[in-house]
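Asks: Sharing coords_12.tsv below, TSV, C-alpha atoms:
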chain	number	residue	atom	x	y	z
A	244	LEU	CA	27.37	-2.74	15.76
A	245	GLY	CA	28.14	-0.77	18.90
A	246	TRP	CA	30.43	0.13	21.79
A	247	GLN	CA	29.19	0.48	25.36
A	248	GLY	CA	31.03	2.53	27.97
A	249	GLU	CA	30.16	3.45	31.54
A	250	SER	CA	28.02	6.45	30.59
A	251	HIS	CA	28.33	6.65	26.79
A	252	ALA	CA	27.56	4.36	23.86
A	253	LEU	CA	28.34	4.45	20.16
A	254	GLU	CA	26.07	2.65	17.69
A	255	LEU	CA	26.38	1.96	13.96
A	256	VAL	CA	23.00	1.05	12.47
A	257	THR	CA	22.95	-0.32	8.91
A	258	GLY	CA	19.72	-0.93	7.02
A	259	TRP	CA	18.99	-2.62	3.70
A	260	TRP	CA	15.57	-2.97	2.10
A	261	ASP	CA	14.62	-4.73	-1.14
A	262	SER	CA	10.94	-4.85	-2.14
A	263	ARG	CA	9.50	-6.41	-5.31
A	264	GLU	CA	5.99	-6.39	-6.75
A	265	GLN	CA	4.40	-8.23	-9.65
A	266	SER	CA	0.66	-7.69	-9.85
A	267	GLY	CA	-2.36	-7.35	-12.09
A	268	LEU	CA	-5.32	-5.36	-10.75
A	269	ASP	CA	-8.68	-5.06	-12.52
A	270	PHE	CA	-10.44	-1.77	-11.71
A	271	ALA	CA	-13.61	-2.51	-13.68
A	272	ASP	CA	-14.93	-5.76	-12.10
A	273	GLY	CA	-14.73	-7.76	-15.31
A	274	ARG	CA	-16.62	-5.27	-17.49
A	275	GLY	CA	-15.51	-2.31	-19.60
A	276	LEU	CA	-15.70	1.26	-18.34
A	277	GLY	CA	-18.93	1.93	-20.23
A	278	ASN	CA	-22.39	0.56	-19.54
A	279	GLY	CA	-22.91	-3.16	-19.91
A	280	PRO	CA	-23.09	-6.42	-18.03
A	281	VAL	CA	-20.22	-8.08	-16.20
A	282	ARG	CA	-18.65	-10.08	-19.02
A	283	GLY	CA	-15.73	-11.56	-17.13
A	284	PHE	CA	-13.28	-10.33	-19.77
A	285	ALA	CA	-10.19	-12.53	-19.94
A	286	ASN	CA	-7.89	-9.50	-19.58
A	287	GLY	CA	-10.12	-7.60	-17.14
A	288	GLY	CA	-12.19	-4.48	-17.76
A	289	TYR	CA	-9.40	-2.03	-16.92
A	290	THR	CA	-6.24	-3.79	-15.80
A	291	LEU	CA	-3.11	-2.26	-14.37
A	292	LEU	CA	-0.07	-4.53	-14.76
A	293	THR	CA	2.90	-3.78	-12.53
A	294	ASP	CA	6.44	-5.12	-12.34
A	295	GLY	CA	8.33	-3.06	-9.79
A	296	GLN	CA	11.33	-3.09	-7.51
A	297	GLU	CA	12.51	-0.70	-4.79
A	298	ARG	CA	15.83	-0.79	-2.94
A	299	GLN	CA	17.12	1.33	-0.10
A	300	PHE	CA	20.34	1.46	1.94
A	301	SER	CA	20.93	3.56	5.05
A	302	GLN	CA	23.80	4.02	7.46
A	303	GLU	CA	23.36	5.77	10.79
A	304	VAL	CA	25.94	6.73	13.42
A	305	ARG	CA	24.55	7.49	16.88
A	306	LEU	CA	26.29	8.57	20.10
A	307	THR	CA	24.26	8.38	23.31
A	308	GLY	CA	25.27	9.33	26.82
A	309	ARG	CA	24.39	10.44	30.34
A	310	VAL	CA	25.97	13.41	32.13
A	311	LEU	CA	25.26	15.51	35.24
A	312	ASP	CA	24.88	12.40	37.37
A	313	GLY	CA	22.38	10.98	34.88
A	314	ALA	CA	20.10	14.02	34.93
A	315	LEU	CA	20.87	14.82	31.29
A	316	THR	CA	20.69	12.17	28.58
A	317	TYR	CA	21.51	12.94	24.96
A	318	VAL	CA	21.63	11.46	21.47
A	319	VAL	CA	23.64	12.96	18.61
A	320	GLY	CA	24.28	11.46	15.21
A	321	GLY	CA	23.93	11.47	11.47
A	322	GLN	CA	22.53	9.35	8.67
A	323	ILE	CA	23.02	8.79	4.96
A	324	LEU	CA	20.46	7.14	2.71
A	325	GLU	CA	20.56	5.92	-0.89
A	326	GLY	CA	17.60	4.44	-2.71
A	327	ASN	CA	16.26	3.65	-6.15
A	328	SER	CA	13.08	2.26	-7.63
A	329	LYS	CA	11.92	0.95	-11.00
A	330	LEU	CA	8.20	0.79	-11.81
A	331	ASP	CA	7.22	-0.88	-15.08
A	332	THR	CA	3.46	-0.45	-15.59
A	333	ALA	CA	0.99	-1.01	-18.41
A	334	ASP	CA	-2.70	-0.06	-18.59
A	335	LEU	CA	-5.04	-2.33	-20.56
A	336	LEU	CA	-8.63	-1.26	-21.37
A	337	THR	CA	-11.30	-3.66	-22.62
A	338	THR	CA	-14.33	-2.01	-24.23
A	339	GLU	CA	-17.70	-3.65	-24.88
A	340	ASN	CA	-18.14	-4.76	-28.50
A	341	GLY	CA	-20.84	-7.41	-28.05
A	342	THR	CA	-18.47	-10.34	-27.61
A	343	ALA	CA	-17.34	-12.17	-24.52
A	344	SER	CA	-13.74	-11.09	-25.04
A	345	GLY	CA	-14.38	-7.42	-25.83
A	346	ALA	CA	-11.97	-5.10	-27.61
A	347	LEU	CA	-8.60	-4.85	-25.85
A	348	SER	CA	-6.44	-1.73	-26.20
A	349	ARG	CA	-3.24	-0.66	-24.50
A	350	GLN	CA	-3.68	2.77	-22.92
A	351	ALA	CA	-0.11	3.30	-21.72
A	352	ASP	CA	3.08	1.37	-21.15
A	353	ARG	CA	5.98	3.05	-19.38
A	354	VAL	CA	8.96	2.56	-17.07
A	355	ALA	CA	9.48	5.09	-14.26
A	356	ARG	CA	12.76	5.25	-12.33
A	357	THR	CA	13.44	7.22	-9.16
A	358	GLU	CA	16.77	7.87	-7.45
A	359	THR	CA	16.96	9.18	-3.85
A	360	SER	CA	19.96	10.48	-1.93
A	361	ALA	CA	19.69	12.01	1.55
A	362	ILE	CA	21.93	13.09	4.41
A	363	ALA	CA	20.74	14.08	7.86
A	364	GLY	CA	22.08	15.16	11.26
A	365	PHE	CA	20.24	15.17	14.56
A	366	VAL	CA	20.57	15.94	18.26
A	367	ASP	CA	18.17	15.14	21.09
A	368	ALA	CA	18.37	15.70	24.85
A	369	THR	CA	16.26	15.05	27.96
A	370	LEU	CA	16.83	16.86	31.27
A	371	ALA	CA	15.31	15.68	34.58
A	372	LEU	CA	14.86	18.43	37.20
A	373	GLY	CA	13.14	16.79	40.12
A	374	ARG	CA	9.48	16.35	39.23
A	375	LEU	CA	9.95	18.28	35.96
A	376	THR	CA	11.36	16.62	32.82
A	377	LEU	CA	12.19	18.62	29.69
A	378	GLY	CA	13.10	17.31	26.25
A	379	ALA	CA	14.17	18.87	22.97
A	380	GLY	CA	15.50	17.68	19.66
A	381	LEU	CA	16.38	18.95	16.20
A	382	ARG	CA	17.02	17.20	12.90
A	383	TYR	CA	18.07	18.60	9.53
A	384	THR	CA	17.55	16.56	6.37
A	385	ASP	CA	18.86	17.36	2.91
A	386	GLU	CA	17.28	15.15	0.26
A	387	GLN	CA	17.73	14.97	-3.51
A	388	ARG	CA	15.34	12.97	-5.71
A	389	SER	CA	15.44	12.45	-9.49
A	390	PHE	CA	12.90	10.96	-11.87
A	391	THR	CA	13.10	9.56	-15.40
A	392	LEU	CA	10.31	8.17	-17.55
A	393	SER	CA	10.57	6.07	-20.70
A	394	GLU	CA	7.46	5.10	-22.66
A	395	VAL	CA	6.90	1.92	-24.59
A	396	ALA	CA	3.49	3.11	-25.81
A	397	CYS	CA	1.57	6.36	-25.50
A	398	SER	CA	-2.01	6.66	-24.27
A	399	PRO	CA	-4.86	7.68	-26.62
A	400	ALA	CA	-4.62	11.17	-25.10
A	401	GLY	CA	-1.00	11.52	-26.23
A	402	CYS	CA	2.49	10.86	-24.94
A	403	LEU	CA	3.15	11.84	-21.34
A	404	GLY	CA	6.20	13.98	-22.04
A	405	THR	CA	8.40	14.78	-19.05
A	406	ALA	CA	7.77	16.16	-15.57
A	407	PRO	CA	10.36	18.18	-13.62
A	408	SER	CA	13.15	15.66	-13.21
A	409	LYS	CA	14.61	16.74	-9.85
A	410	ILE	CA	13.27	17.65	-6.42
A	411	SER	CA	15.47	19.12	-3.68
A	412	THR	CA	14.32	19.32	-0.07
A	413	GLY	CA	16.13	20.85	2.89
A	414	ILE	CA	14.05	20.78	6.07
A	415	TRP	CA	14.37	21.27	9.82
A	416	THR	CA	12.21	19.02	12.04
A	417	PRO	CA	12.29	20.01	15.73
A	418	ARG	CA	10.58	18.50	18.75
A	419	ALA	CA	9.98	19.60	22.34
A	420	SER	CA	8.40	17.89	25.34
A	421	ALA	CA	7.68	18.51	29.00
A	422	SER	CA	6.19	16.48	31.83
A	423	PHE	CA	5.49	17.31	35.46
A	424	ALA	CA	4.77	14.74	38.18
A	425	LEU	CA	1.96	15.98	40.41
A	426	SER	CA	2.47	12.85	42.52
A	427	PRO	CA	4.22	9.50	42.09
A	428	ASP	CA	1.13	8.25	40.20
A	429	VAL	CA	-0.14	11.32	38.31
A	430	ALA	CA	1.71	13.40	35.68
A	431	LEU	CA	0.93	16.17	33.22
A	432	PHE	CA	2.63	16.12	29.81
A	433	ALA	CA	2.89	18.11	26.59
A	434	ASN	CA	4.63	17.41	23.27
A	435	LEU	CA	5.34	19.37	20.10
A	436	SER	CA	6.95	17.95	16.95
A	437	ARG	CA	7.30	18.57	13.24
A	438	GLY	CA	7.56	15.86	10.61
A	439	TYR	CA	7.63	15.64	6.84
A	440	ARG	CA	7.07	13.32	3.92
A	441	PRO	CA	9.20	13.84	0.79
A	442	GLY	CA	7.73	14.90	-2.54
A	443	GLY	CA	7.63	12.81	-5.68
A	444	TRP	CA	5.88	12.21	-8.99
A	445	ASN	CA	2.62	10.74	-10.20
A	446	ALA	CA	4.36	7.76	-11.77
A	447	ARG	CA	1.05	6.08	-12.77
A	448	ALA	CA	-0.07	8.96	-14.98
A	449	VAL	CA	-1.89	8.04	-18.19
A	450	THR	CA	-2.32	11.53	-19.70
A	451	PRO	CA	0.17	14.41	-19.93
A	452	GLY	CA	-1.88	16.60	-17.60
A	453	THR	CA	-1.60	14.13	-14.75
A	454	LEU	CA	2.17	13.62	-14.96
A	455	GLN	CA	3.04	16.04	-12.18
A	456	ALA	CA	5.72	16.56	-9.57
A	457	PHE	CA	4.73	17.51	-6.04
A	458	GLY	CA	6.67	18.89	-3.11
A	459	ALA	CA	7.14	17.75	0.47
A	460	GLU	CA	4.32	17.43	2.98
A	461	THR	CA	4.96	18.91	6.44
A	462	ALA	CA	3.04	18.36	9.65
A	463	TRP	CA	3.02	19.94	13.12
A	464	THR	CA	1.71	17.77	15.95
A	465	TYR	CA	0.65	19.23	19.30
A	466	GLU	CA	-0.59	17.20	22.26
A	467	ALA	CA	-1.11	17.66	25.99
A	468	GLY	CA	-2.77	15.62	28.69
A	469	VAL	CA	-2.64	13.76	31.95
A	470	ALA	CA	-1.50	10.22	32.76
A	471	ALA	CA	-2.25	8.31	35.96
A	472	ARG	CA	-1.84	4.87	37.48
A	473	ALA	CA	-3.35	3.14	40.50
A	474	PHE	CA	-3.43	-0.15	42.39
A	475	GLU	CA	0.33	-0.62	42.15
A	476	GLY	CA	0.35	-0.20	38.38
A	477	ARG	CA	-2.54	-2.54	37.63
A	478	LEU	CA	-4.63	0.36	36.30
A	479	ASP	CA	-3.24	2.92	33.81
A	480	ALA	CA	-5.23	5.77	32.30
A	481	LYS	CA	-4.34	8.59	29.95
A	482	LEU	CA	-6.35	11.52	28.56
A	483	THR	CA	-4.78	13.41	25.63
A	484	GLY	CA	-5.87	16.39	23.58
A	485	PHE	CA	-4.21	16.69	20.19
A	486	LEU	CA	-3.96	18.85	17.08
A	487	LEU	CA	-2.43	17.71	13.77
A	488	ASP	CA	-1.81	20.52	11.26
A	489	VAL	CA	-0.62	19.36	7.82
A	490	SER	CA	0.54	21.58	4.95
A	491	ALA	CA	0.65	20.37	1.33
A	492	PHE	CA	-1.23	17.19	2.23
A	493	GLN	CA	-0.40	14.32	-0.16
A	494	ALA	CA	-3.11	12.00	-1.45
A	495	SER	CA	-3.71	9.54	-4.28
A	496	GLY	CA	-6.83	8.37	-6.04
A	497	ALA	CA	-8.41	7.19	-9.28
A	498	GLY	CA	-11.29	8.25	-11.49
A	499	ILE	CA	-12.50	8.55	-15.08
A	500	ALA	CA	-12.24	11.75	-17.13
A	501	GLY	CA	-13.35	11.83	-20.74
A	502	GLY	CA	-13.67	8.06	-20.79
A	503	VAL	CA	-10.00	7.69	-19.80
A	504	PRO	CA	-9.02	6.40	-16.33
A	505	GLN	CA	-6.86	8.80	-14.35
A	506	PHE	CA	-4.57	7.84	-11.49
A	507	GLY	CA	-3.58	10.87	-9.45
A	508	ALA	CA	-0.99	11.48	-6.75
A	509	GLY	CA	-0.01	14.88	-5.42
A	510	THR	CA	-0.79	17.63	-2.94
A	511	VAL	CA	-4.48	18.41	-2.49
A	512	GLY	CA	-4.36	21.30	0.00
A	513	ASP	CA	-3.98	21.43	3.77
A	514	TYR	CA	-5.42	19.17	6.45
A	515	ARG	CA	-6.20	19.64	10.14
A	516	ASN	CA	-7.34	17.08	12.69
A	517	GLN	CA	-8.05	17.81	16.34
A	518	GLY	CA	-9.59	15.80	19.11
A	519	VAL	CA	-9.34	14.01	22.43
A	520	GLU	CA	-8.28	10.43	23.14
A	521	ALA	CA	-8.87	8.39	26.30
A	522	GLU	CA	-6.80	5.25	26.96
A	523	LEU	CA	-7.34	2.67	29.69
A	524	SER	CA	-5.25	-0.39	30.57
A	525	VAL	CA	-6.20	-2.88	33.29
A	526	ARG	CA	-4.10	-5.82	34.51
A	527	PRO	CA	-6.40	-7.84	36.79
A	528	ALA	CA	-3.93	-10.72	37.05
A	529	ASP	CA	-0.30	-11.35	36.19
A	530	GLY	CA	0.02	-12.17	32.49
A	531	PHE	CA	-3.51	-10.93	31.65
A	532	SER	CA	-4.26	-7.39	30.44
A	533	LEU	CA	-7.25	-5.52	29.04
A	534	TYR	CA	-7.03	-2.38	26.88
A	535	GLY	CA	-9.57	0.18	25.75
A	536	ASN	CA	-9.38	3.37	23.68
A	537	LEU	CA	-11.98	6.01	22.84
A	538	THR	CA	-11.29	8.94	20.52
A	539	TRP	CA	-13.32	11.93	19.38
A	540	GLN	CA	-11.83	13.81	16.44
A	541	ASP	CA	-12.77	16.56	14.03
A	542	ALA	CA	-10.87	16.30	10.72
A	543	ARG	CA	-11.10	18.92	7.97
A	544	TYR	CA	-9.47	19.38	4.58
A	545	ARG	CA	-8.68	22.97	3.69
As a first step, turn the structure in this file into C-alpha cells.
Replies:
Amino acid sequence: LGWQGESHALELVTGWWDSREQSGLDFADGRGLGNGPVRGFANGGYTLLTDGQERQFSQEVRLTGRVLDGALTYVVGGQILEGNSKLDTADLLTTENGTASGALSRQADRVARTETSAIAGFVDATLALGRLTLGAGLRYTDEQRSFTLSEVACSPAGCLGTAPSKISTGIWTPRASASFALSPDVALFANLSRGYRPGGWNARAVTPGTLQAFGAETAWTYEAGVAARAFEGRLDAKLTGFLLDVSAFQASGAGIAGGVPQFGAGTVGDYRNQGVEAELSVRPADGFSLYGNLTWQDARYR
C-alpha cells in the first residue's frame, strides 16, 4: 500500500509468513550407532522426528524522497515484527541386539516454543556530487526473544532442565558507500556495512549440557573495487576486494559423545574471510547473455 507524490512516496509494507515441517530423518543409515551391518531397521538407526510450525508478521512504514533537485535521495522508516515457533521433536535410537528390528529406545521427546518481538527504525541517504556519489545509512533494532521447553520424556543422560529463558538485543547497524566515476564507463567504489543475526537456543539438545542459549552474531563487511563497461554496455566487468569479519559466529552440527548423539547450535568463536572476486558479463546479441565469476578467498576460524 502506498502514496506517490511528485518527489516523495509513502509505503506500507505488510508481511506474513507461515512455515510448517513434518519430517523423519535417520542419521545412522539404517543401522545402530555401534558397530554392525546395515540392518534396515524399521524405525531407523537414529531417527529425529519433527513436527514444527513457525509464524511471523511484520509491518514496515517507509518514506522515500528526492530533494536538492534530485541530488539527494533518502529513505526513513520503521518496522515492527512479531513471531512465534513451536518445535515438537523426538529422538529414537535403535541399538543392535541381533535381530532385524533391533532394540528401540526413546532418547528425548520435547516441545520447544520461541516468541520474538522486535522494533526497528532506519534512515538512509545518497548524495550525488558530480562524479562523486556518497551514501550512508543507520538502523537500530531492539529485539526480545523468549524460550520455553516442556519435556514428554527425558534422555538417558537426564532431563534437560531449563536454559536462560530470555534474550534481549539492542544493536546499531550502519552502512557507508562511495563511488567515483573516472569516466562515463569506469568507476571506483567502496562499501562498508554491519549486519547481525539474532541469538537463540539449541532447541534440539538431548543432554542438559547442550541446552544452551547463545547471543547475537555480528559481522562487518568491507569491499572496494573497480567497475567498467565497454562496447555500448555489451561488456561489463568488475573487480572487488573484500573482507568479512564476524564476531560470535553461529554454527550447528551433530556428533556422538559417550554413545549419545549430540545436536549442537551456538557460537563457536570468530570468523574472517578475505579475498578478491572478478565478474564478467557479455551480451553478444540482444536477448543473449554470458556470465562468469572467479573468486579467490582465504577463510579462517578464530
Asks: Which residues are near A:Leu478? Cut-off 8 Å, all atoms listed in the file, ignore same chain within fewer than 2 positions. Put them as a PyMOL selection string.
Replies: chain A and resi 472-476+480+523-526
Asks: Record the distance separating atom CA of A:Phe300 and atom CA of A:Gly326, expressed in Å with one decimal.
Replies: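 Separating atom CA of A:Phe300 from atom CA of A:Gly326 is a distance of 6.2 Å.
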Asks: So which residues touch A:Thr391 within 8 Å, counting only C-alpha atoms, skipping near sequence neighbours fewer than 6 positions away, as a PyMOL selection string?
Replies: chain A and resi 355-357+405+408
Asks: Tell me, as a PyMOL selection string, which residues lie within 10 Å of stretch 451-457 of chain A, counting all atoms listed in the file; anything in the same chain fewer than 2 positions away does not count.
Replies: chain A and resi 390+397-398+400-410+441-449+459-460+491+493+505-511
Asks: Atoms to include: C-alpha atoms. Write the selected residues as a compact mmCIF listing (two decimals), in the coordinates of the input.
Replies:
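Final file, out.txt:
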# COMPACT_ATOMS: atom_id res chain seq x y z
CA PHE A 390 12.90 10.96 -11.87
CA CYS A 397 1.57 6.36 -25.50
CA SER A 398 -2.01 6.66 -24.27
CA ALA A 400 -4.62 11.17 -25.10
CA GLY A 401 -1.00 11.52 -26.23
CA CYS A 402 2.49 10.86 -24.94
CA LEU A 403 3.15 11.84 -21.34
CA GLY A 404 6.20 13.98 -22.04
CA THR A 405 8.40 14.78 -19.05
CA ALA A 406 7.77 16.16 -15.57
CA PRO A 407 10.36 18.18 -13.62
CA SER A 408 13.15 15.66 -13.21
CA LYS A 409 14.61 16.74 -9.85
CA ILE A 410 13.27 17.65 -6.42
CA PRO A 441 9.20 13.84 0.79
CA GLY A 442 7.73 14.90 -2.54
CA GLY A 443 7.63 12.81 -5.68
CA TRP A 444 5.88 12.21 -8.99
CA ASN A 445 2.62 10.74 -10.20
CA ALA A 446 4.36 7.76 -11.77
CA ARG A 447 1.05 6.08 -12.77
CA ALA A 448 -0.07 8.96 -14.98
CA VAL A 449 -1.89 8.04 -18.19
CA ALA A 459 7.14 17.75 0.47
CA GLU A 460 4.32 17.43 2.98
CA ALA A 491 0.65 20.37 1.33
CA GLN A 493 -0.40 14.32 -0.16
CA GLN A 505 -6.86 8.80 -14.35
CA PHE A 506 -4.57 7.84 -11.49
CA GLY A 507 -3.58 10.87 -9.45
CA ALA A 508 -0.99 11.48 -6.75
CA GLY A 509 -0.01 14.88 -5.42
CA THR A 510 -0.79 17.63 -2.94
CA VAL A 511 -4.48 18.41 -2.49
Asks: Pick from A:Asp529, A:Asp334, A:Glu386, A:Glu297: nearest to A:Arg477, with only C-alpha atoms counted?
Replies: A:Asp529
Asks: Do a neighbour search on stretch 360-368 of chain A at 10 Å with only C-alpha atoms, toss out local chain neighbours closer than 2 positions, and write the hits as an NGL selection string.
Replies: :A and (299-309 or 315-327 or 358 or 370 or 377-389 or 411-419)
Asks: Pick from A:Arg545, A:Arg263, A:Ile499, A:Gly313: nearest to A:Ser250, with only C-alpha atoms counted?
Replies: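 Selected residue with least distance to A:Ser250: A:Gly313.
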Asks: Compile the contact shell of stretch 266-272 of chain A as a CSV table (one decimal) with C-alpha atoms, in the coordinates of the input: residues with an atom at most 6 Å away, counting all atoms listed in the file, same-chain residues fewer than 5 positions apart removed.
Replies:
chain,number,residue,atom,x,y,z
A,287,GLY,CA,-10.1,-7.6,-17.1
A,288,GLY,CA,-12.2,-4.5,-17.8
A,289,TYR,CA,-9.4,-2.0,-16.9
A,290,THR,CA,-6.2,-3.8,-15.8
A,291,LEU,CA,-3.1,-2.3,-14.4
A,292,LEU,CA,-0.1,-4.5,-14.8
A,293,THR,CA,2.9,-3.8,-12.5
